[in-house]
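The file structure_27.cif contains mmCIF, C-alpha atoms:
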```cif
data_entry
loop_
_atom_site.label_atom_id
_atom_site.label_comp_id
_atom_site.auth_asym_id
_atom_site.auth_seq_id
_atom_site.Cartn_x
_atom_site.Cartn_y
_atom_site.Cartn_z
CA MET V 1 -223.30 123.35 -105.52
CA SER V 2 -221.03 125.51 -107.62
CA ALA V 3 -219.35 124.09 -110.70
CA ALA V 4 -216.07 125.63 -109.59
CA THR V 5 -214.24 127.42 -106.84
CA PRO V 6 -213.62 131.19 -107.21
CA THR V 7 -210.11 130.47 -108.60
CA HIS V 8 -210.97 127.69 -111.03
CA ARG V 9 -213.48 127.13 -113.83
CA ALA V 10 -214.18 123.63 -115.01
CA VAL V 11 -213.61 123.60 -118.77
CA LEU V 12 -216.25 122.06 -121.08
CA ALA V 13 -218.24 121.17 -117.97
CA ALA V 14 -221.66 120.83 -119.58
CA GLU V 15 -220.28 118.92 -122.56
CA ALA V 16 -218.29 116.52 -120.37
CA LEU V 17 -221.26 115.78 -118.13
CA GLU V 18 -223.49 115.11 -121.11
CA ALA V 19 -220.81 112.89 -122.64
CA LEU V 20 -220.68 110.68 -119.56
CA ALA V 21 -224.40 109.83 -119.93
CA LEU V 22 -224.64 109.59 -116.15
CA ARG V 23 -226.88 107.01 -114.52
CA PRO V 24 -227.98 107.85 -110.96
CA ASP V 25 -226.75 104.57 -109.47
CA GLY V 26 -223.48 104.42 -111.42
CA ILE V 27 -219.86 104.43 -110.32
CA TYR V 28 -217.77 107.22 -111.83
CA VAL V 29 -214.18 108.43 -111.83
CA ASP V 30 -213.00 112.04 -111.94
CA GLY V 31 -209.35 111.52 -112.82
CA THR V 32 -208.30 115.13 -112.18
CA PHE V 33 -210.11 116.59 -109.18
CA GLY V 34 -208.39 119.99 -109.32
CA ARG V 35 -210.73 122.09 -107.22
CA GLY V 36 -213.74 119.87 -107.76
CA GLY V 37 -215.65 121.62 -110.53
CA HIS V 38 -216.47 118.48 -112.48
CA SER V 39 -216.80 116.34 -109.34
CA ARG V 40 -219.48 118.58 -107.86
CA LEU V 41 -221.48 118.50 -111.07
CA ILE V 42 -221.30 114.71 -111.20
CA LEU V 43 -222.42 114.40 -107.57
CA GLU V 44 -225.41 116.64 -108.30
CA ARG V 45 -226.63 114.08 -110.84
CA LEU V 46 -225.95 110.92 -108.86
CA GLY V 47 -228.59 109.24 -106.75
CA PRO V 48 -228.13 107.84 -103.23
CA GLN V 49 -226.57 104.63 -104.59
CA GLY V 50 -224.13 106.37 -106.91
CA ARG V 51 -220.41 106.67 -106.24
CA LEU V 52 -217.66 109.03 -107.36
CA ILE V 53 -213.96 108.29 -106.99
CA ALA V 54 -211.65 111.23 -107.63
CA LEU V 55 -207.89 111.24 -108.16
CA ASP V 56 -205.30 113.99 -108.11
CA ARG V 57 -201.55 113.95 -107.64
CA ASP V 58 -201.53 117.48 -106.18
CA PRO V 59 -201.66 117.54 -102.34
CA GLN V 60 -203.44 120.91 -102.46
CA ALA V 61 -206.24 119.35 -104.54
CA VAL V 62 -206.53 116.54 -102.00
CA ASP V 63 -206.87 119.14 -99.23
CA ALA V 64 -209.54 121.00 -101.23
CA ALA V 65 -211.54 117.77 -101.60
CA ARG V 66 -212.11 117.68 -97.83
CA ALA V 67 -214.71 120.39 -98.37
CA ILE V 68 -216.95 117.82 -100.07
CA GLY V 69 -218.75 116.13 -97.21
CA ASP V 70 -220.55 113.46 -99.20
CA ALA V 71 -220.60 109.77 -98.36
CA ARG V 72 -220.79 108.93 -102.06
CA PHE V 73 -217.46 110.64 -102.69
CA CYS V 74 -213.92 109.33 -102.20
CA MET V 75 -210.67 111.18 -102.87
CA ALA V 76 -207.33 109.52 -103.65
CA HIS V 77 -203.90 111.14 -103.74
CA ALA V 78 -202.72 109.41 -106.89
CA PRO V 79 -201.54 110.05 -110.47
CA PHE V 80 -203.26 108.77 -113.61
CA SER V 81 -201.00 105.74 -113.74
CA ALA V 82 -202.41 104.53 -110.41
CA LEU V 83 -205.98 104.33 -111.73
CA ALA V 84 -206.36 100.55 -111.48
CA ARG V 85 -204.69 100.44 -108.07
CA THR V 86 -207.00 103.20 -106.80
CA LEU V 87 -210.11 101.36 -107.99
CA ASP V 88 -208.86 98.14 -106.39
CA ALA V 89 -208.42 99.96 -103.07
CA GLN V 90 -212.08 101.04 -103.27
CA GLY V 91 -213.29 97.56 -104.18
CA VAL V 92 -214.40 98.70 -107.63
CA ALA V 93 -213.99 96.28 -110.51
CA ARG V 94 -215.69 98.38 -113.20
CA ALA V 95 -216.79 102.01 -113.49
CA HIS V 96 -219.67 103.34 -115.59
CA GLY V 97 -217.80 106.43 -116.69
CA MET V 98 -214.46 108.21 -116.38
CA LEU V 99 -213.52 111.83 -116.95
CA PHE V 100 -209.92 113.02 -117.29
CA ASP V 101 -209.23 116.75 -117.51
CA LEU V 102 -205.54 116.79 -118.43
CA GLY V 103 -202.85 119.39 -117.99
CA VAL V 104 -202.20 122.03 -115.37
CA SER V 105 -204.99 123.63 -113.32
CA SER V 106 -205.69 127.33 -112.82
CA PRO V 107 -204.82 127.24 -109.08
CA GLN V 108 -201.43 125.76 -109.96
CA LEU V 109 -200.79 128.44 -112.57
CA ASP V 110 -201.99 131.27 -110.34
CA ASP V 111 -199.79 130.42 -107.33
CA PRO V 112 -196.26 131.85 -107.86
CA ALA V 113 -194.90 129.48 -105.22
CA ARG V 114 -195.65 126.51 -107.49
CA GLY V 115 -193.37 127.79 -110.23
CA PHE V 116 -195.62 126.95 -113.19
CA SER V 117 -196.02 130.45 -114.57
CA PHE V 118 -193.64 133.14 -115.82
CA ARG V 119 -196.17 135.88 -115.06
CA ALA V 120 -195.01 136.26 -111.45
CA ASP V 121 -191.62 135.44 -109.96
CA GLY V 122 -191.32 132.33 -107.86
CA PRO V 123 -189.22 129.23 -107.29
CA LEU V 124 -188.75 127.18 -110.47
CA ASP V 125 -190.50 124.04 -109.25
CA MET V 126 -193.40 123.00 -111.57
CA ARG V 127 -194.11 119.69 -109.83
CA MET V 128 -197.80 118.84 -109.57
CA ASP V 129 -196.85 116.74 -106.55
CA PRO V 130 -194.06 118.61 -104.74
CA THR V 131 -193.40 115.53 -102.60
CA GLN V 132 -192.23 113.51 -105.60
CA GLY V 133 -189.47 113.76 -108.20
CA VAL V 134 -187.11 116.60 -109.06
CA SER V 135 -188.04 120.23 -109.63
CA ALA V 136 -187.55 122.06 -112.91
CA ALA V 137 -184.63 123.97 -111.36
CA GLU V 138 -182.94 120.74 -110.32
CA TRP V 139 -183.33 119.27 -113.80
CA LEU V 140 -182.01 122.42 -115.48
CA ALA V 141 -178.93 122.25 -113.27
CA THR V 142 -177.99 118.74 -114.40
CA ALA V 143 -179.20 118.33 -117.99
CA ASN V 144 -176.62 118.74 -120.73
CA GLU V 145 -177.19 121.09 -123.64
CA ALA V 146 -178.32 118.33 -125.99
CA GLN V 147 -180.93 117.17 -123.45
CA LEU V 148 -182.14 120.74 -123.00
CA ARG V 149 -182.53 121.14 -126.76
CA GLU V 150 -184.34 117.82 -127.12
CA VAL V 151 -186.85 118.50 -124.34
CA ILE V 152 -187.58 122.11 -125.27
CA GLY V 153 -187.91 121.25 -128.94
CA GLY V 154 -189.85 118.02 -128.44
CA TYR V 155 -192.20 118.78 -125.55
CA GLY V 156 -192.42 122.54 -126.15
CA GLU V 157 -192.41 122.40 -129.95
CA GLU V 158 -190.13 125.44 -129.72
CA ARG V 159 -188.56 126.49 -133.05
CA PHE V 160 -185.69 128.16 -131.24
CA ALA V 161 -184.88 125.24 -128.94
CA LYS V 162 -181.21 125.29 -129.93
CA GLN V 163 -180.86 128.98 -129.01
CA VAL V 164 -182.80 128.59 -125.75
CA ALA V 165 -180.72 125.56 -124.71
CA ALA V 166 -177.48 127.42 -125.44
CA ALA V 167 -178.65 130.44 -123.42
CA ILE V 168 -179.55 128.26 -120.43
CA ALA V 169 -176.24 126.38 -120.59
CA ALA V 170 -174.29 129.65 -120.75
CA ALA V 171 -176.22 131.36 -117.94
CA ARG V 172 -175.92 128.51 -115.45
CA ARG V 173 -172.14 128.59 -115.71
CA SER V 174 -172.34 131.89 -113.83
CA ALA V 175 -175.21 131.13 -111.43
CA PRO V 176 -177.95 128.50 -110.94
CA ILE V 177 -181.33 129.19 -112.59
CA ARG V 178 -183.67 129.02 -109.63
CA THR V 179 -186.63 131.31 -110.35
CA THR V 180 -189.30 131.62 -113.00
CA ARG V 181 -188.28 135.18 -113.81
CA GLN V 182 -184.65 134.18 -114.40
CA LEU V 183 -185.72 131.54 -116.90
CA ALA V 184 -188.34 133.71 -118.61
CA ASP V 185 -185.82 136.52 -119.13
CA LEU V 186 -183.27 134.08 -120.58
CA VAL V 187 -185.80 132.64 -123.01
CA GLY V 188 -187.10 136.08 -123.96
CA ALA V 189 -183.59 137.13 -124.98
CA ALA V 190 -182.97 133.91 -126.93
CA VAL V 191 -186.23 133.72 -128.92
CA ARG V 192 -185.88 136.02 -131.91
CA THR V 193 -189.53 136.32 -132.93
CA ARG V 194 -192.68 136.14 -130.88
CA GLU V 195 -196.00 134.54 -131.73
CA PRO V 196 -198.86 137.10 -131.54
CA GLY V 197 -200.33 137.21 -128.06
CA GLN V 198 -197.90 134.65 -126.63
CA ASP V 199 -195.00 135.23 -124.27
CA PRO V 200 -191.74 133.86 -125.72
CA ALA V 201 -191.27 131.71 -122.59
CA THR V 202 -194.57 129.85 -123.06
CA ARG V 203 -193.22 126.86 -124.98
CA THR V 204 -190.15 126.37 -122.79
CA PHE V 205 -192.24 126.44 -119.62
CA GLN V 206 -194.66 123.95 -121.17
CA ALA V 207 -191.80 121.63 -122.07
CA LEU V 208 -190.31 121.65 -118.58
CA ARG V 209 -193.69 121.10 -116.95
CA ILE V 210 -194.42 118.10 -119.17
CA LEU V 211 -191.00 116.64 -118.45
CA VAL V 212 -190.99 117.18 -114.68
CA ASN V 213 -194.45 115.65 -114.27
CA ARG V 214 -194.03 112.87 -116.85
CA GLU V 215 -197.36 114.04 -118.27
CA LEU V 216 -197.26 112.14 -121.55
CA GLU V 217 -196.14 108.93 -119.84
CA GLU V 218 -198.94 109.26 -117.29
CA VAL V 219 -201.55 109.62 -120.04
CA SER V 220 -200.14 106.65 -121.94
CA LEU V 221 -200.18 104.47 -118.81
CA MET V 222 -203.70 105.56 -117.85
CA LEU V 223 -205.48 104.90 -121.15
CA PRO V 224 -205.20 101.06 -121.21
CA GLN V 225 -206.23 100.91 -117.54
CA ALA V 226 -209.27 103.07 -118.23
CA VAL V 227 -210.41 100.84 -121.09
CA GLU V 228 -209.92 97.70 -119.02
CA ARG V 229 -211.84 99.05 -116.01
CA LEU V 230 -214.81 100.52 -117.88
CA ALA V 231 -218.04 98.53 -117.77
CA PRO V 232 -219.67 97.73 -121.14
CA GLY V 233 -221.50 100.86 -122.22
CA GLY V 234 -219.34 103.00 -119.93
CA ARG V 235 -218.10 106.31 -121.29
CA LEU V 236 -214.54 107.66 -121.34
CA ALA V 237 -214.31 111.46 -121.64
CA LEU V 238 -210.88 113.02 -122.14
CA ILE V 239 -210.11 116.75 -122.21
CA ALA V 240 -206.66 117.68 -123.54
CA PHE V 241 -205.09 121.13 -123.69
CA HIS V 242 -202.11 120.69 -125.97
CA SER V 243 -201.38 118.82 -129.15
CA LEU V 244 -199.01 116.20 -127.73
CA GLU V 245 -201.56 114.85 -125.24
CA ASP V 246 -204.39 115.06 -127.74
CA ARG V 247 -202.34 113.14 -130.32
CA ILE V 248 -201.80 110.26 -127.89
CA ILE V 249 -205.51 110.18 -127.00
CA LYS V 250 -206.67 110.40 -130.61
CA ARG V 251 -204.41 107.59 -131.82
CA PHE V 252 -205.19 105.32 -128.89
CA VAL V 253 -208.96 105.75 -129.15
CA GLN V 254 -208.93 105.28 -132.91
CA ALA V 255 -206.83 102.13 -132.55
CA CYS V 256 -209.14 100.69 -129.89
CA ALA V 257 -212.13 101.44 -132.11
CA ARG V 258 -210.81 99.04 -134.75
CA PRO V 259 -211.10 95.25 -134.36
CA VAL V 260 -207.76 93.60 -133.66
CA LEU V 261 -207.38 90.62 -135.98
CA PRO V 262 -205.37 87.54 -135.04
CA ARG V 263 -202.03 87.42 -136.81
CA ASP V 264 -201.60 85.06 -139.75
CA LEU V 265 -205.04 83.49 -139.27
CA PRO V 266 -207.98 83.81 -141.66
CA VAL V 267 -211.17 85.21 -140.12
CA ARG V 268 -214.68 84.97 -141.53
CA ALA V 269 -216.77 88.11 -141.63
CA SER V 270 -219.21 86.55 -139.16
CA GLU V 271 -216.34 85.87 -136.76
CA MET V 272 -214.79 89.34 -136.82
CA PRO V 273 -213.71 90.34 -133.31
CA GLN V 274 -215.37 93.34 -131.71
CA ALA V 275 -213.43 96.53 -131.10
CA LEU V 276 -212.83 97.64 -127.52
CA LEU V 277 -214.22 101.16 -127.99
CA THR V 278 -216.78 103.01 -130.07
CA ILE V 279 -216.04 106.66 -130.78
CA VAL V 280 -218.91 108.90 -129.66
CA GLY V 281 -219.49 111.98 -131.80
CA LYS V 282 -216.86 114.41 -133.00
CA PRO V 283 -214.21 116.15 -130.89
CA MET V 284 -215.70 119.11 -129.01
CA ARG V 285 -214.13 122.48 -128.31
CA PRO V 286 -215.21 125.34 -126.02
CA SER V 287 -217.75 127.78 -127.36
CA ALA V 288 -216.79 131.35 -128.15
CA ALA V 289 -218.61 132.42 -124.99
CA GLU V 290 -216.66 130.02 -122.78
CA THR V 291 -213.35 131.03 -124.34
CA ALA V 292 -214.16 134.70 -123.83
CA ALA V 293 -215.00 134.07 -120.17
CA ASN V 294 -212.03 131.75 -119.62
CA PRO V 295 -209.16 132.32 -122.12
CA ARG V 296 -207.28 129.29 -120.75
CA ALA V 297 -210.01 127.09 -122.24
CA ARG V 298 -209.22 128.11 -125.82
CA SER V 299 -206.98 125.11 -126.61
CA ALA V 300 -209.17 122.44 -124.96
CA VAL V 301 -210.56 119.52 -126.94
CA LEU V 302 -212.92 116.85 -125.58
CA ARG V 303 -212.92 113.34 -127.05
CA VAL V 304 -215.44 110.70 -126.00
CA ALA V 305 -215.55 106.94 -126.46
CA GLU V 306 -217.82 104.15 -125.21
CA ARG V 307 -216.68 100.73 -124.03
CA THR V 308 -218.03 97.79 -125.98
CA ALA V 309 -218.79 94.36 -124.55
CA ALA V 310 -215.62 92.91 -126.08
CA PRO V 311 -213.55 91.05 -123.46
CA PHE V 312 -210.37 92.86 -122.50
CA ASP V 313 -207.13 91.10 -123.30
CA PRO V 314 -203.97 92.93 -122.12
CA SER V 315 -202.13 91.67 -125.17
CA LEU V 316 -204.56 93.59 -127.37
CA ILE V 317 -203.14 96.89 -126.18
CA THR V 318 -199.60 95.94 -127.17
CA ARG V 319 -200.91 94.83 -130.56
CA ILE V 320 -202.72 98.13 -131.22
CA GLU V 321 -200.00 100.13 -132.96
CA PRO V 322 -197.97 100.36 -129.74
CA ASP V 323 -195.46 102.93 -130.96
CA ALA V 324 -197.99 105.06 -132.82
CA TRP V 325 -200.18 106.07 -129.91
CA ARG V 326 -197.41 106.40 -127.35
CA SER V 327 -195.21 108.66 -129.46
#
```
Can the structure from this file be put into structure tokens for me?
Amino acid sequence: MSAATPTHRAVLAAEALEALALRPDGIYVDGTFGRGGHSRLILERLGPQGRLIALDRDPQAVDAARAIGDARFCMAHAPFSALARTLDAQGVARAHGMLFDLGVSSPQLDDPARGFSFRADGPLDMRMDPTQGVSAAEWLATANEAQLREVIGGYGEERFAKQVAAAIAAARRSAPIRTTRQLADLVGAAVRTREPGQDPATRTFQALRILVNRELEEVSLMLPQAVERLAPGGRLALIAFHSLEDRIIKRFVQACARPVLPRDLPVRASEMPQALLTIVGKPMRPSAAETAANPRARSAVLRVAERTAAPFDPSLITRIEPDAWRS
């Protein structure tokens, strides 16, 4: 089986598969099916008793999964936040490994009709699941200038968020902003300096995509569920593509790798509680060869953690620096 379809390359595929430490009879989760690059590699290594449960919120990804005719494989149309519910529906209490490849996929970026990219004109949609929520165009039509500035500056980390927000607010007084080219041209005129090799619209498009799809909220809701549903010794592999997602993952994993002490109670060294996770190795990034072959992989970072045998207590998650890892 191929590791990817002709329009999509699975990023850090070899590293992610090694990180999962696959056992032939294990139960695994591919949290972002995309076009099945990682799923196909996992299935190649599973034995007859193994199982793979894949999730994706994109209906096109769900359609693509029908090409995998394998009794060990199950596909669910669901976002990250529905992880526990999806496992319950499959009768799975614990998984032996989970892989989440975050962010937007190449097929989404390459299809102008999806509205993710400024490189070709199309409707300004950006929803990973077009059957849910409001499109980017709909949000732009209703957000006030302060909201525009906050989202573009916060989610896009755009230095010129104030200027971009003002340009959008002024332009929509004359006509609705409905296409990717309209928005890209507006941003290009508002951003005074350009980063080398980057289109001036990049950060604004990133911000709107994150907002429309609630990407950071989905990651934050998924992480505690993943820890709870991993079997002891199970591996959690997380690939992030921008700093905001990676910051949430890094802080959460680090917090779970520290024992949570009871408040206001003395604890003997021999009675120290066990942490929920053990960090496995250092963060991994694509090789120069992979980045050269697939430039979209250049910002990817893979973090891996292993579940300990410590019992899961939902209250532990709220006690692990709750604001630090969510913000």
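Note on the selection: in this file the PyMOL selection byres ((chain V and resi 73) around 10) comes out as Tyr28, Val29, Ser39, Arg40, Leu43, Gly50, Arg51, Leu52, Ile53, Ala54, Ala65, Ile68, Gly69, Asp70, Ala71, Arg72, Cys74 and Met75 of chain V.
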> Taking the file as shown, what set of residues would the PyMOL selection byres ((chain V and resi 200) around 10) give back, as JSON, numbers by chain?
Replying inline: {"V": [158, 160, 184, 185, 186, 187, 188, 189, 190, 191, 192, 193, 194, 195, 196, 197, 198, 199, 201, 202, 203, 204, 205]}
> In Å to one decimal, how far is CA of Ile168 (chain V) from CA of Val151 (chain V)?
Replying inline: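 Straight-line distance from CA of Val151 (chain V) to CA of Ile168 (chain V) works out to 12.8 Å.
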>> Assuming the chain letters and numbering stay as they are in my file, what does the PyMOL selection byres ((chain V and resi 280-293) around 7) actually select? List them as a PyMOL selection string.
In response: chain V and resi 12+278-279+294-295+297-298+300-306
> Hey, which of V:His242, V:Arg85, V:Arg247, V:Arg178 ends up closest to Glu138 (chain V)? Count all atoms listed in the file.
Replying inline: V:Arg178
> Using all atoms listed in the file, which of the listed residues (V:Ala169, V:Leu46, V:Ile177, V:Leu148) sits closest to Pro123 (chain V)?
Replying inline: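 Checking each of V:Ala169, V:Leu46, V:Ile177, V:Leu148 against Pro123 (chain V), counting all atoms listed in the file, the winner is V:Ile177.
CA of Glu150 (chain V) to CA of Ala136 (chain V) spans 15.2 Å [interatomic distance, one decimal].
Near (-186.4, 121.5, -129.3), the residues inside the 12 Å limit, counting all atoms listed in the file, come to V:Glu145, V:Ala146, V:Gln147, V:Leu148, V:Arg149, V:Glu150, V:Val151, V:Ile152, V:Gly153, V:Gly154, V:Tyr155, V:Gly156, V:Glu157, V:Glu158, V:Arg159, V:Phe160, V:Ala161, V:Lys162, V:Gln163, V:Val164, V:Ala165, V:Ala166, V:Arg203, V:Thr204, V:Gln206, V:Ala207, V:Leu208.
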Cut-off 10 Å: closest region 109-205 of chain V/region 98-105 of chain V atom pairs per residue, using all atoms listed in the file, as CSV:
```
residue,atom,partner,partner_atom,distance
V:Leu109,CA,V:Ser105,CA,6.4
V:Asp110,CA,V:Ser105,CA,8.7
V:Phe116,CA,V:Val104,CA,8.5
V:Met126,CA,V:Val104,CA,9.6
V:Met128,CA,V:Val104,CA,7.9
```
File dump, residues just selected, C-alpha atoms, as an mmCIF file, keeping the file's coordinate frame:
```cif
data_model
loop_
_atom_site.group_PDB
_atom_site.id
_atom_site.type_symbol
_atom_site.label_atom_id
_atom_site.label_comp_id
_atom_site.auth_asym_id
_atom_site.auth_seq_id
_atom_site.Cartn_x
_atom_site.Cartn_y
_atom_site.Cartn_z
ATOM 1 C CA LEU V 109 -200.790 128.440 -112.570
ATOM 2 C CA ASP V 110 -201.990 131.270 -110.340
ATOM 3 C CA PHE V 116 -195.620 126.950 -113.190
ATOM 4 C CA MET V 126 -193.400 123.000 -111.570
ATOM 5 C CA MET V 128 -197.800 118.840 -109.570
#
```
> Quick one: residues within 6 Å of region 95-97 of chain V, all atoms listed in the file counted, chain neighbours fewer than 4 positions away excluded, as a list of chain:residue names?
Replying inline: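 Returned residues: V:Leu20, V:Gly26, V:Ile27, V:Tyr28, V:Leu230, V:Ala231, V:Gly234, V:Arg235, V:Leu236.
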Keeping C-alpha atoms, export the residues of the selection given above as a PDB file, keeping the file's coordinate frame.
```
ATOM      1  CA  LEU V  20    -220.680 110.680-119.560  1.00  0.00           C
ATOM      2  CA  GLY V  26    -223.480 104.420-111.420  1.00  0.00           C
ATOM      3  CA  ILE V  27    -219.860 104.430-110.320  1.00  0.00           C
ATOM      4  CA  TYR V  28    -217.770 107.220-111.830  1.00  0.00           C
ATOM      5  CA  LEU V 230    -214.810 100.520-117.880  1.00  0.00           C
ATOM      6  CA  ALA V 231    -218.040  98.530-117.770  1.00  0.00           C
ATOM      7  CA  GLY V 234    -219.340 103.000-119.930  1.00  0.00           C
ATOM      8  CA  ARG V 235    -218.100 106.310-121.290  1.00  0.00           C
ATOM      9  CA  LEU V 236    -214.540 107.660-121.340  1.00  0.00           C
TER      10      LEU V 236
END
```
>> Can you measure CA of Ile249 (chain V) to CA of Ser220 (chain V) for me? One decimal in Å is fine.
In response: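 So the two atoms, CA of Ile249 (chain V) and CA of Ser220 (chain V), lie 8.2 Å apart.
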> At a cut-off of 8 Å from (-207.8, 102.4, -129.2) in the coordinates of the file, what residues are picked up using all atoms listed in the file, written as a list in words?
Replying inline: Arg251, Phe252, Val253, Gln254, Ala255, Cys256, Ala257, Arg258, Leu276, Leu277, Ile317 and Ile320 of chain V
Take the selection from the previous step and output its residues with C-alpha atoms, as an mmCIF file, in the frame of the given file.
```cif
data_model
loop_
_atom_site.group_PDB
_atom_site.id
_atom_site.type_symbol
_atom_site.label_atom_id
_atom_site.label_comp_id
_atom_site.auth_asym_id
_atom_site.auth_seq_id
_atom_site.Cartn_x
_atom_site.Cartn_y
_atom_site.Cartn_z
ATOM 1 C CA ARG V 251 -204.410 107.590 -131.820
ATOM 2 C CA PHE V 252 -205.190 105.320 -128.890
ATOM 3 C CA VAL V 253 -208.960 105.750 -129.150
ATOM 4 C CA GLN V 254 -208.930 105.280 -132.910
ATOM 5 C CA ALA V 255 -206.830 102.130 -132.550
ATOM 6 C CA CYS V 256 -209.140 100.690 -129.890
ATOM 7 C CA ALA V 257 -212.130 101.440 -132.110
ATOM 8 C CA ARG V 258 -210.810 99.040 -134.750
ATOM 9 C CA LEU V 276 -212.830 97.640 -127.520
ATOM 10 C CA LEU V 277 -214.220 101.160 -127.990
ATOM 11 C CA ILE V 317 -203.140 96.890 -126.180
ATOM 12 C CA ILE V 320 -202.720 98.130 -131.220
#
```
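With distances restricted to all atoms listed in the file, V:Ala237 is the closest residue to Glu15 (chain V) from V:Arg209, V:Ala170, V:Arg66, V:Ala237.
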> Between V:Asp121, V:Glu228, V:Gly34, V:Ile42, which has the minimum distance to Ala19 (chain V) (counting all atoms listed in the file)?
Replying inline: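 Comparing V:Asp121, V:Glu228, V:Gly34, V:Ile42 against Ala19 (chain V), the winner is V:Ile42.
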Written record: region 73-102 of chain V, C-alpha atoms, as an mmCIF file, in the first residue's frame:
```
data_model
loop_
_atom_site.group_PDB
_atom_site.id
_atom_site.type_symbol
_atom_site.label_atom_id
_atom_site.label_comp_id
_atom_site.auth_asym_id
_atom_site.auth_seq_id
_atom_site.Cartn_x
_atom_site.Cartn_y
_atom_site.Cartn_z
ATOM 1 C CA PHE V 73 -10.346 -0.558 9.818
ATOM 2 C CA CYS V 74 -13.191 1.719 10.888
ATOM 3 C CA MET V 75 -13.781 5.327 9.812
ATOM 4 C CA ALA V 76 -15.731 7.905 11.824
ATOM 5 C CA HIS V 77 -16.932 11.316 10.665
ATOM 6 C CA ALA V 78 -15.972 13.175 13.824
ATOM 7 C CA PRO V 79 -13.760 15.996 15.149
ATOM 8 C CA PHE V 80 -11.018 15.588 17.751
ATOM 9 C CA SER V 81 -13.386 16.543 20.547
ATOM 10 C CA ALA V 82 -15.505 13.465 19.816
ATOM 11 C CA LEU V 83 -12.631 11.043 20.461
ATOM 12 C CA ALA V 84 -14.104 9.388 23.565
ATOM 13 C CA ARG V 85 -17.567 9.183 22.023
ATOM 14 C CA THR V 86 -16.115 7.582 18.877
ATOM 15 C CA LEU V 87 -14.240 4.953 20.888
ATOM 16 C CA ASP V 88 -17.378 4.218 22.911
ATOM 17 C CA ALA V 89 -19.328 3.649 19.684
ATOM 18 C CA GLN V 90 -16.715 1.060 18.657
ATOM 19 C CA GLY V 91 -16.760 -0.658 22.043
ATOM 20 C CA VAL V 92 -13.164 0.371 22.753
ATOM 21 C CA ALA V 93 -12.247 1.240 26.323
ATOM 22 C CA ARG V 94 -8.507 1.735 25.785
ATOM 23 C CA ALA V 95 -6.245 2.132 22.756
ATOM 24 C CA HIS V 96 -2.585 1.140 22.521
ATOM 25 C CA GLY V 97 -1.598 4.190 20.527
ATOM 26 C CA MET V 98 -2.976 7.388 19.020
ATOM 27 C CA LEU V 99 -1.656 9.604 16.250
ATOM 28 C CA PHE V 100 -2.942 13.127 15.604
ATOM 29 C CA ASP V 101 -1.686 15.003 12.543
ATOM 30 C CA LEU V 102 -3.051 18.493 13.184
#
```
